[in-house]
file data-v8.cif (mmCIF, C-alpha atoms)
data_model
loop_
_atom_site.group_PDB
_atom_site.id
_atom_site.type_symbol
_atom_site.label_atom_id
_atom_site.label_comp_id
_atom_site.auth_asym_id
_atom_site.auth_seq_id
_atom_site.Cartn_x
_atom_site.Cartn_y
_atom_site.Cartn_z
ATOM 1 C CA MET A 1 -66.470 -35.234 -90.591
ATOM 2 C CA ILE A 2 -64.321 -35.065 -93.611
ATOM 3 C CA GLU A 3 -66.249 -35.266 -96.848
ATOM 4 C CA THR A 4 -64.752 -37.238 -99.771
ATOM 5 C CA ALA A 5 -65.261 -36.184 -103.376
ATOM 6 C CA PRO A 6 -66.998 -38.648 -105.498
ATOM 7 C CA ILE A 7 -64.713 -40.576 -107.933
ATOM 8 C CA PRO A 8 -65.812 -40.157 -111.609
ATOM 9 C CA LYS A 9 -66.583 -43.254 -113.530
ATOM 10 C CA PRO A 10 -64.517 -43.998 -116.654
ATOM 11 C CA GLU A 11 -66.279 -43.370 -119.908
ATOM 12 C CA SER A 12 -66.734 -46.339 -122.162
ATOM 13 C CA PRO A 13 -64.898 -46.178 -125.557
ATOM 14 C CA LYS A 14 -66.878 -44.785 -128.430
ATOM 15 C CA THR A 15 -67.311 -46.953 -131.409
ATOM 16 C CA MET A 16 -67.210 -45.617 -134.992
ATOM 17 C CA THR A 17 -70.507 -45.598 -136.574
ATOM 18 C CA GLY A 18 -71.257 -45.505 -140.319
ATOM 19 C CA THR A 19 -70.505 -47.597 -143.442
ATOM 20 C CA PRO A 20 -66.873 -49.008 -143.734
ATOM 21 C CA LYS A 21 -64.718 -48.037 -146.880
ATOM 22 C CA PRO A 22 -64.472 -50.908 -149.376
ATOM 23 C CA ARG A 23 -60.904 -52.461 -149.927
ATOM 24 C CA TYR A 24 -59.205 -52.247 -153.409
ATOM 25 C CA ILE A 25 -59.137 -55.523 -155.187
ATOM 26 C CA PRO A 26 -57.057 -55.660 -158.485
ATOM 27 C CA GLU A 27 -58.811 -56.964 -161.527
ATOM 28 C CA LYS A 28 -55.908 -59.320 -162.225
ATOM 29 C CA PRO A 29 -53.745 -61.000 -159.692
ATOM 30 C CA VAL A 30 -50.303 -59.376 -159.180
ATOM 31 C CA PRO A 31 -47.528 -61.738 -160.269
ATOM 32 C CA SER A 32 -44.954 -62.621 -157.728
ATOM 33 C CA ARG A 33 -41.282 -61.528 -157.956
ATOM 34 C CA ALA A 34 -40.224 -64.904 -159.286
ATOM 35 C CA GLU A 35 -42.871 -64.736 -161.974
ATOM 36 C CA ARG A 36 -41.817 -61.235 -162.944
ATOM 37 C CA ALA A 37 -38.177 -62.303 -163.189
ATOM 38 C CA HIS A 38 -39.208 -65.234 -165.363
ATOM 39 C CA TYR A 39 -41.523 -63.395 -167.720
ATOM 40 C CA TYR A 40 -39.921 -59.924 -167.707
ATOM 41 C CA PRO A 41 -36.125 -60.394 -167.347
ATOM 42 C CA ALA A 42 -35.237 -57.309 -169.484
ATOM 43 C CA ASP A 43 -37.221 -55.003 -167.266
ATOM 44 C CA ILE A 44 -35.240 -55.890 -164.224
ATOM 45 C CA LYS A 45 -31.899 -54.023 -164.083
ATOM 46 C CA PRO A 46 -29.473 -53.858 -161.219
ATOM 47 C CA ALA A 47 -29.222 -50.535 -159.492
ATOM 48 C CA ARG A 48 -26.245 -48.405 -160.650
ATOM 49 C CA SER A 49 -23.610 -47.323 -158.221
ATOM 50 C CA ARG A 50 -23.665 -43.546 -157.680
ATOM 51 C CA ARG A 51 -19.914 -43.424 -156.996
ATOM 52 C CA ARG A 52 -19.143 -45.055 -160.350
ATOM 53 C CA GLY A 53 -21.120 -42.376 -162.146
ATOM 54 C CA ILE A 54 -19.164 -39.596 -160.499
ATOM 55 C CA LYS A 55 -15.862 -41.195 -161.509
ATOM 56 C CA THR A 56 -17.010 -41.404 -165.102
ATOM 57 C CA VAL A 57 -17.957 -37.736 -165.157
ATOM 58 C CA VAL A 58 -14.618 -36.710 -163.626
ATOM 59 C CA ALA A 59 -12.641 -38.833 -166.122
ATOM 60 C CA THR A 60 -14.575 -37.356 -169.008
ATOM 61 C CA LEU A 61 -13.849 -33.833 -167.800
ATOM 62 C CA LEU A 62 -10.127 -34.619 -167.456
ATOM 63 C CA VAL A 63 -9.962 -36.002 -170.996
ATOM 64 C CA LEU A 64 -11.705 -32.934 -172.359
ATOM 65 C CA LEU A 65 -9.393 -30.654 -170.360
ATOM 66 C CA LEU A 66 -6.238 -32.380 -171.616
ATOM 67 C CA ALA A 67 -7.477 -32.387 -175.188
ATOM 68 C CA GLY A 68 -8.288 -28.696 -175.018
ATOM 69 C CA GLY A 69 -4.931 -27.836 -173.467
ATOM 70 C CA ALA A 70 -3.057 -29.815 -176.107
ATOM 71 C CA TYR A 71 -5.028 -28.100 -178.866
ATOM 72 C CA ILE A 72 -4.253 -24.653 -177.471
ATOM 73 C CA GLY A 73 -0.618 -25.287 -176.467
ATOM 74 C CA TYR A 74 0.498 -27.262 -179.545
ATOM 75 C CA PRO A 75 1.296 -24.206 -181.724
ATOM 76 C CA TYR A 76 3.443 -22.679 -178.956
ATOM 77 C CA ALA A 77 5.292 -25.926 -178.317
ATOM 78 C CA LYS A 78 5.834 -26.399 -182.026
ATOM 79 C CA THR A 79 7.632 -23.075 -182.339
ATOM 80 C CA LEU A 80 10.235 -24.298 -179.825
ATOM 81 C CA PHE A 81 11.348 -27.124 -182.088
ATOM 82 C CA VAL A 82 10.306 -26.194 -185.617
ATOM 83 C CA THR A 83 11.491 -23.039 -187.347
ATOM 84 C CA VAL A 84 8.497 -21.408 -188.880
ATOM 85 C CA GLU A 85 9.207 -19.152 -191.814
ATOM 86 C CA GLU A 86 7.196 -16.011 -191.902
ATOM 87 C CA PRO A 87 4.829 -15.870 -194.829
ATOM 88 C CA ILE A 88 5.902 -13.548 -197.600
ATOM 89 C CA ASN A 89 3.416 -10.975 -198.660
ATOM 90 C CA ILE A 90 3.327 -11.468 -202.389
ATOM 91 C CA LYS A 91 2.010 -7.972 -202.920
ATOM 92 C CA GLU A 92 5.087 -6.433 -201.283
ATOM 93 C CA VAL A 93 7.621 -8.499 -203.241
ATOM 94 C CA THR A 94 8.798 -6.702 -206.325
ATOM 95 C CA PRO A 95 10.955 -8.364 -208.942
ATOM 96 C CA THR A 96 14.628 -7.454 -208.706
ATOM 97 C CA PRO A 97 15.681 -5.517 -211.775
ATOM 98 C CA VAL A 98 18.381 -7.239 -213.736
ATOM 99 C CA ALA A 99 21.403 -4.982 -213.906
ATOM 100 C CA GLU A 100 22.750 -4.502 -217.343
ATOM 101 C CA ASP A 101 26.315 -5.547 -217.866
ATOM 102 C CA GLU A 102 28.475 -2.493 -217.471
ATOM 103 C CA PRO A 103 31.473 -2.163 -219.709
ATOM 104 C CA VAL A 104 34.646 -3.258 -217.963
ATOM 105 C CA ILE A 105 37.268 -0.545 -217.988
ATOM 106 C CA GLU A 106 40.664 -2.132 -218.190
ATOM 107 C CA GLU A 107 43.281 -0.250 -216.237
ATOM 108 C CA THR A 108 46.468 -0.087 -218.187
ATOM 109 C CA ALA A 109 49.722 -0.286 -216.299
ATOM 110 C CA SER A 110 51.466 3.059 -215.960
ATOM 111 C CA ARG A 111 54.227 3.560 -218.480
ATOM 112 C CA GLN A 112 57.651 4.384 -217.110
ATOM 113 C CA LEU A 113 60.934 5.570 -218.515
ATOM 114 C CA TRP A 114 64.527 5.861 -217.269
ATOM 115 C CA LEU A 115 67.173 8.472 -218.032
ATOM 116 C CA VAL A 116 70.187 6.957 -219.784
ATOM 117 C CA GLU A 117 72.572 9.938 -219.542
ATOM 118 C CA LYS A 118 74.032 12.118 -216.825
ATOM 119 C CA ASN A 119 72.585 15.602 -216.284
ATOM 120 C CA VAL A 120 69.462 15.444 -218.470
ATOM 121 C CA ASN A 121 67.502 18.709 -218.689
ATOM 122 C CA LEU A 122 63.766 18.271 -218.049
ATOM 123 C CA LEU A 123 61.972 21.236 -219.623
ATOM 124 C CA THR A 124 58.894 23.147 -218.516
ATOM 125 C CA ASP A 125 57.402 22.874 -222.054
ATOM 126 C CA THR A 126 58.335 21.464 -225.425
ATOM 127 C CA GLU A 127 58.636 24.839 -227.162
ATOM 128 C CA GLY A 128 60.916 26.592 -224.703
ATOM 129 C CA THR A 129 64.314 26.085 -223.141
ATOM 130 C CA ALA A 130 63.441 26.697 -219.462
ATOM 131 C CA VAL A 131 64.741 23.868 -217.314
ATOM 132 C CA ALA A 132 62.401 22.565 -214.607
ATOM 133 C CA TYR A 133 64.794 19.947 -213.213
ATOM 134 C CA ILE A 134 68.139 18.309 -214.020
ATOM 135 C CA GLY A 135 67.839 14.529 -213.858
ATOM 136 C CA ASP A 136 70.602 11.951 -213.459
ATOM 137 C CA ILE A 137 71.284 8.638 -215.120
ATOM 138 C CA GLY A 138 69.101 5.886 -213.709
ATOM 139 C CA ASP A 139 66.279 8.231 -212.581
ATOM 140 C CA ARG A 140 62.854 6.701 -213.204
ATOM 141 C CA TYR A 141 59.694 8.689 -214.047
ATOM 142 C CA GLU A 142 56.067 7.921 -214.816
ATOM 143 C CA VAL A 143 54.962 8.992 -218.287
ATOM 144 C CA VAL A 144 51.881 11.211 -218.574
ATOM 145 C CA SER A 145 51.839 11.815 -222.330
ATOM 146 C CA GLU A 146 54.031 12.194 -225.383
ATOM 147 C CA GLU A 147 54.357 15.048 -227.826
ATOM 148 C CA GLY A 148 56.802 14.940 -230.672
ATOM 149 C CA ALA A 149 60.319 14.233 -229.398
ATOM 150 C CA TYR A 150 59.370 14.670 -225.729
ATOM 151 C CA ALA A 151 57.580 12.711 -223.036
ATOM 152 C CA GLU A 152 55.686 14.481 -220.287
ATOM 153 C CA VAL A 153 56.643 12.917 -216.947
ATOM 154 C CA LYS A 154 55.497 13.369 -213.367
ATOM 155 C CA LEU A 155 57.833 15.501 -211.290
ATOM 156 C CA GLY A 156 56.553 15.635 -207.726
ATOM 157 C CA ASN A 157 53.378 17.756 -207.762
ATOM 158 C CA THR A 158 54.038 19.013 -211.284
ATOM 159 C CA THR A 159 55.235 17.693 -214.647
ATOM 160 C CA ALA A 160 58.143 18.267 -216.974
ATOM 161 C CA TRP A 161 59.206 17.233 -220.472
ATOM 162 C CA ALA A 162 62.017 14.718 -220.983
ATOM 163 C CA PRO A 163 63.730 14.315 -224.401
ATOM 164 C CA LEU A 164 62.962 10.831 -225.697
ATOM 165 C CA ASP A 165 66.460 10.378 -227.166
ATOM 166 C CA GLN A 166 67.915 10.490 -223.632
ATOM 167 C CA THR A 167 65.496 7.957 -222.125
ATOM 168 C CA THR A 168 64.569 4.282 -222.362
ATOM 169 C CA THR A 169 61.419 2.314 -221.511
ATOM 170 C CA GLU A 170 63.264 -1.009 -221.130
ATOM 171 C CA TRP A 171 65.381 -1.421 -218.025
ATOM 172 C CA PRO A 172 67.411 -4.581 -217.398
ATOM 173 C CA LYS A 173 66.766 -6.640 -214.283
ATOM 174 C CA SER A 174 69.112 -6.417 -211.315
ATOM 175 C CA THR A 175 71.909 -8.966 -211.027
ATOM 176 C CA LEU A 176 73.175 -8.096 -207.506
ATOM 177 C CA THR A 177 71.740 -8.950 -204.118
ATOM 178 C CA ASP A 178 71.118 -6.254 -201.505
ATOM 179 C CA ALA A 179 73.924 -7.668 -199.364
ATOM 180 C CA GLN A 180 76.473 -7.494 -202.200
ATOM 181 C CA LEU A 181 75.669 -3.871 -202.946
ATOM 182 C CA ILE A 182 75.710 -2.752 -199.286
ATOM 183 C CA ASP A 183 78.979 -4.609 -198.633
ATOM 184 C CA TRP A 184 80.606 -2.656 -201.466
ATOM 185 C CA ILE A 185 79.388 0.649 -199.936
ATOM 186 C CA ASN A 186 80.709 -0.277 -196.499
ATOM 187 C CA VAL A 187 84.189 -1.053 -197.868
ATOM 188 C CA ASN A 188 84.803 1.454 -200.687
ATOM 189 C CA VAL A 189 83.484 4.802 -199.435
ATOM 190 C CA ASN A 190 84.065 6.909 -196.313
ATOM 191 C CA ASN A 191 81.159 6.506 -193.893
ATOM 192 C CA GLU A 192 82.740 8.246 -190.876
ATOM 193 C CA TRP A 193 80.503 11.295 -191.236
ATOM 194 C CA LEU A 194 77.465 8.981 -190.896
ATOM 195 C CA GLN A 195 76.865 7.722 -187.380
ATOM 196 C CA SER A 196 75.139 4.508 -188.510
ATOM 197 C CA SER A 197 74.655 2.290 -191.561
ATOM 198 C CA PRO A 198 73.753 4.283 -194.680
ATOM 199 C CA ILE A 199 70.585 2.282 -195.344
ATOM 200 C CA SER A 200 69.267 3.144 -191.856
ATOM 201 C CA TYR A 201 68.681 6.728 -193.041
ATOM 202 C CA PHE A 202 66.253 5.859 -195.839
ATOM 203 C CA GLY A 203 62.729 6.956 -194.893
ATOM 204 C CA MET A 204 64.005 8.888 -191.863
ATOM 205 C CA PRO A 205 62.182 12.198 -191.259
ATOM 206 C CA LYS A 206 64.254 15.307 -191.819
ATOM 207 C CA GLN A 207 64.024 16.467 -188.203
ATOM 208 C CA GLU A 208 65.222 13.110 -186.913
ATOM 209 C CA LEU A 209 68.203 13.360 -189.256
ATOM 210 C CA LEU A 210 69.036 16.822 -187.917
ATOM 211 C CA ASP A 211 68.815 15.499 -184.355
ATOM 212 C CA THR A 212 71.249 12.713 -185.328
ATOM 213 C CA LEU A 213 73.838 14.485 -187.508
ATOM 214 C CA GLY A 214 73.271 18.057 -186.413
ATOM 215 C CA GLU A 215 72.690 21.075 -188.615
ATOM 216 C CA PRO A 216 74.146 20.772 -192.154
ATOM 217 C CA MET A 217 76.958 23.010 -193.411
ATOM 218 C CA SER A 218 74.658 24.320 -196.164
ATOM 219 C CA THR A 219 71.399 23.534 -197.923
ATOM 220 C CA ASP A 220 69.921 23.812 -201.403
ATOM 221 C CA SER A 221 66.618 22.908 -203.073
ATOM 222 C CA ASP A 222 64.857 22.620 -206.411
ATOM 223 C CA VAL A 223 61.369 21.793 -207.625
ATOM 224 C CA LEU A 224 61.652 18.193 -206.406
ATOM 225 C CA ASN A 225 64.256 17.832 -203.639
ATOM 226 C CA GLU A 226 66.002 19.503 -200.719
ATOM 227 C CA TYR A 227 69.735 18.924 -200.260
ATOM 228 C CA LEU A 228 71.528 18.869 -196.857
ATOM 229 C CA PHE A 229 75.318 19.218 -197.225
ATOM 230 C CA TYR A 230 77.804 17.792 -194.695
ATOM 231 C CA SER A 231 81.607 17.410 -194.759
ATOM 232 C CA ASN A 232 81.877 14.338 -197.015
ATOM 233 C CA GLY A 233 78.572 14.301 -198.818
ATOM 234 C CA PHE A 234 74.936 15.313 -198.763
ATOM 235 C CA LEU A 235 71.546 13.758 -198.153
ATOM 236 C CA ILE A 236 68.506 14.249 -200.385
ATOM 237 C CA VAL A 237 65.136 14.996 -198.767
ATOM 238 C CA GLN A 238 61.946 14.436 -200.724
ATOM 239 C CA GLN A 239 58.475 14.953 -199.221
ATOM 240 C CA GLY A 240 60.004 15.335 -195.769
ATOM 241 C CA VAL A 241 62.024 12.075 -195.617
ATOM 242 C CA ILE A 242 65.505 10.942 -196.690
ATOM 243 C CA THR A 243 65.517 9.265 -200.129
ATOM 244 C CA ALA A 244 69.205 9.238 -201.158
ATOM 245 C CA ILE A 245 72.789 9.704 -199.915
ATOM 246 C CA ASP A 246 75.614 11.110 -202.049
ATOM 247 C CA TRP A 247 79.352 10.732 -201.310
ATOM 248 C CA THR A 248 81.368 13.515 -202.916
ATOM 249 C CA ASN A 249 85.017 13.551 -204.009
ATOM 250 C CA THR A 250 85.416 9.812 -203.517
ATOM 251 C CA GLY A 251 88.273 9.207 -205.961
ATOM 252 C CA VAL A 252 86.592 5.958 -207.078
ATOM 253 C CA SER A 253 86.951 5.396 -210.833
ATOM 254 C CA LEU A 254 84.850 3.394 -213.247
ATOM 255 C CA GLU A 255 87.328 0.554 -212.924
ATOM 256 C CA GLY A 256 86.736 0.413 -209.191
ATOM 257 C CA PHE A 257 83.309 -1.116 -209.795
ATOM 258 C CA THR A 258 84.535 -4.033 -211.895
ATOM 259 C CA ASP A 259 84.322 -6.490 -208.988
ATOM 260 C CA LEU A 260 80.543 -5.949 -208.903
ATOM 261 C CA GLY A 261 80.158 -7.392 -212.401
ATOM 262 C CA ASP A 262 78.262 -5.938 -215.331
ATOM 263 C CA PRO A 263 76.186 -2.826 -214.537
ATOM 264 C CA GLN A 264 72.618 -2.169 -215.638
ATOM 265 C CA LEU A 265 73.803 0.853 -217.584
ATOM 266 C CA LYS A 266 77.216 2.363 -218.389
ATOM 267 C CA THR A 267 78.429 5.447 -220.247
ATOM 268 C CA ASP A 268 81.775 7.200 -220.507
ATOM 269 C CA ASP A 269 81.123 9.230 -217.347
ATOM 270 C CA ALA A 270 78.528 7.255 -215.410
ATOM 271 C CA LEU A 271 77.249 3.786 -214.536
ATOM 272 C CA VAL A 272 74.388 2.196 -212.578
ATOM 273 C CA TYR A 273 74.201 -0.979 -210.498
ATOM 274 C CA GLU A 274 70.984 -2.215 -208.918
ATOM 275 C CA SER A 275 69.817 -4.839 -206.454
ATOM 276 C CA PRO A 276 66.175 -5.621 -205.670
ATOM 277 C CA SER A 277 66.009 -2.759 -203.098
ATOM 278 C CA TYR A 278 68.848 -0.341 -203.879
ATOM 279 C CA SER A 279 70.437 1.580 -206.725
ATOM 280 C CA LEU A 280 74.174 2.439 -206.746
ATOM 281 C CA ARG A 281 75.370 5.074 -209.224
ATOM 282 C CA LEU A 282 78.725 6.620 -210.121
ATOM 283 C CA PHE A 283 79.088 10.057 -211.707
ATOM 284 C CA VAL A 284 82.555 11.063 -212.974
ATOM 285 C CA GLY A 285 83.313 14.799 -213.106
ATOM 286 C CA THR A 286 85.325 16.688 -215.667
ATOM 287 C CA THR A 287 88.248 16.977 -213.249
ATOM 288 C CA GLY A 288 88.323 13.257 -212.544
ATOM 289 C CA GLN A 289 86.587 13.489 -209.176
ATOM 290 C CA SER A 290 83.657 11.127 -208.764
ATOM 291 C CA ARG A 291 80.370 11.212 -206.874
ATOM 292 C CA ILE A 292 78.573 8.081 -205.686
ATOM 293 C CA ARG A 293 74.850 7.959 -204.940
ATOM 294 C CA LEU A 294 72.916 5.302 -203.032
ATOM 295 C CA THR A 295 69.119 5.359 -203.246
ATOM 296 C CA THR A 296 66.206 2.979 -203.192
ATOM 297 C CA THR A 297 64.517 1.399 -206.210
ATOM 298 C CA ARG A 298 60.990 1.588 -204.753
#
call {"tool": "encode", "arguments": {"input": "data-v8.cif", "output": "structure tokens"}}
result
Amino acid sequence: MIETAPIPKPESPKTMTGTPKPRYIPEKPVPSRAERAHYYPADIKPARSRRRGIKTVVATLLVLLLAGGAYIGYPYAKTLFVTVEEPINIKEVTPTPVAEDEPVIEETASRQLWLVEKNVNLLTDTEGTAVAYIGDIGDRYEVVSEEGAYAEVKLGNTTAWAPLDQTTTEWPKSTLTDAQLIDWINVNVNNEWLQSSPISYFGMPKQELLDTLGEPMSTDSDVLNEYLFYSNGFLIVQQGVITAIDWTNTGVSLEGFTDLGDPQLKTDDALVYESPSYSLRLFVGTTGQSRIRLTTTR
């Protein structure tokens, strides 16, 4: 036989034994919500939105950030539009001394004189008879000083003494034009030995002249000039350039100049005509032969 195990009986629920805990009873009755809203309206506030608070904080931070940036960046932005002068250190500024008025030295115009005779001897000193240079009528010199009956004049890099009774300090103004004077030269003297217009030689270097006319027949020199002689005349070289042209044995008399009008200066054996740029002179020799010189007035 198969034995069956006995089935246990369910235990009955246990009940709690002991004294029950007393329930809390308020001393005063708790007012309802309606009563609280009626008697305490200020104590009841609606709940704040959390999202609105975050927005307020963010806006406040942005305002503070912009204000700070404007405060820091304003000086830099201002320099772009407003020129700011650098402050002057008063300690480094020293008063400018007032310059005393210096005496004004008036420069007097150089005094000049002209020779009024042909072949004037310019002496080396006033006591002797040594001749430094023989000047011609119409020659102009700058006066250095005066002593007795002589005037010391500049003569190139040196000086010489001119007798005052053969000079003048007042020279009449020219009455001819340059064209009138040059036209007379082109018609009345022989220019075949010159290969171009006479005035084209003024200021020409000596070497260029030699390349143009060839070597001269002879030469001469003095303290002031060098002379280059050709078949019908000679050219005067001063400081390396041509300053005058002389036509020799021309046969032109004093009367041959009458069509030019009144000269600046005239003597028994010489005369001078001038235009603004040129000086034309006639020298009559003892044998009746004449020499004509053309030079510049500057």
call {"tool": "residues_around", "arguments": {"input": "data-v8.cif", "residues": "Thr219 in chain A", "least_positions_apart": "4", "cutoff": "10 Å", "atoms": "all atoms listed in the file", "output": "VMD selection string"}}
result
chain A and resid 215 226 to 230 234 to 235
call {"tool": "write_last_selection", "arguments": {"input": "data-v8.cif", "atoms": "C-alpha atoms", "output": "CSV table (one decimal), in the frame of the given file"}}
result
chain,number,residue,atom,x,y,z
A,215,GLU,CA,72.7,21.1,-188.6
A,226,GLU,CA,66.0,19.5,-200.7
A,227,TYR,CA,69.7,18.9,-200.3
A,228,LEU,CA,71.5,18.9,-196.9
A,229,PHE,CA,75.3,19.2,-197.2
A,230,TYR,CA,77.8,17.8,-194.7
A,234,PHE,CA,74.9,15.3,-198.8
A,235,LEU,CA,71.5,13.8,-198.2
call {"tool": "closest_atom_pairs", "arguments": {"input": "data-v8.cif", "of": "range 156-273 of chain A", "to": "range 121-128 of chain A", "cutoff": "9 Å", "atoms": "all atoms listed in the file", "output": "CSV"}}
result
residue,atom,partner,partner_atom,distance
A:Thr159,CA,A:Thr124,CA,7.6
A:Ala160,CA,A:Thr124,CA,5.2
A:Trp161,CA,A:Leu123,CA,4.9
A:Ala162,CA,A:Leu122,CA,4.9
A:Pro163,CA,A:Leu122,CA,7.5
call {"tool": "closest_residue", "arguments": {"input": "data-v8.cif", "among": "A:Pro263, A:Gly156, A:Pro205, A:Gly148", "to": "Val223 in chain A", "atoms": "all atoms listed in the file"}}
result
A:Gly156
call {"tool": "atom_distance", "arguments": {"input": "data-v8.cif", "atom1": "CA of Asp246 in chain A", "atom2": "CA of Thr295 in chain A"}}
result
8.8 Å
call {"tool": "resolve_selection", "arguments": {"input": "data-v8.cif", "expression": "the PyMOL selection byres ((chain A and resi 283) around 8)", "output": "ChimeraX atom specification"}}
result
/A:118,269-271,281-282,284-285,290-292
call {"tool": "closest_residue", "arguments": {"input": "data-v8.cif", "among": "A:Asn225, A:Gln264, A:Asn190, A:Thr212", "to": "Gly251 in chain A", "atoms": "all atoms listed in the file"}}
result
A:Asn190
call {"tool": "atom_distance", "arguments": {"input": "data-v8.cif", "atom1": "CA of Asn249 in chain A", "atom2": "CA of Gly288 in chain A"}}
result
9.2 Å
call {"tool": "atom_distance", "arguments": {"input": "data-v8.cif", "atom1": "CA of Gln239 in chain A", "atom2": "CA of Leu280 in chain A"}}
result
21.4 Å
call {"tool": "resolve_selection", "arguments": {"input": "data-v8.cif", "expression": "the PyMOL selection byres ((chain A and resi 166) around 9)", "output": "JSON, numbers by chain"}}
result
{"A": [114, 115, 116, 117, 120, 162, 163, 164, 165, 167, 168]}
call {"tool": "closest_residue", "arguments": {"input": "data-v8.cif", "among": "A:Leu260, A:Val57, A:Ile137, A:Leu66", "to": "Trp184 in chain A", "atoms": "only C-alpha atoms"}}
result
A:Leu260
call {"tool": "closest_residue", "arguments": {"input": "data-v8.cif", "among": "A:Gly214, A:Val237, A:Leu64, A:Asp259", "to": "Tyr201 in chain A", "atoms": "all atoms listed in the file"}}
result
A:Val237
call {"tool": "closest_residue", "arguments": {"input": "data-v8.cif", "among": "A:Ser277, A:Ile242, A:Gln207, A:Glu170", "to": "Arg298 in chain A", "atoms": "only C-alpha atoms"}}
result
A:Ser277
call {"tool": "resolve_selection", "arguments": {"input": "data-v8.cif", "expression": "the PyMOL selection byres ((chain A and resi 112) around 7)", "output": "CSV table (one decimal) with C-alpha atoms, in the coordinates of the input"}}
result
chain,number,residue,atom,x,y,z
A,110,SER,CA,51.5,3.1,-216.0
A,111,ARG,CA,54.2,3.6,-218.5
A,113,LEU,CA,60.9,5.6,-218.5
A,140,ARG,CA,62.9,6.7,-213.2
A,141,TYR,CA,59.7,8.7,-214.0
A,142,GLU,CA,56.1,7.9,-214.8
A,143,VAL,CA,55.0,9.0,-218.3
A,169,THR,CA,61.4,2.3,-221.5
call {"tool": "residues_around", "arguments": {"input": "data-v8.cif", "residues": "Ser275 in chain A", "least_positions_apart": "5", "cutoff": "9 Å", "atoms": "all atoms listed in the file", "output": "ChimeraX atom specification"}}
result
/A:173-181,280,297
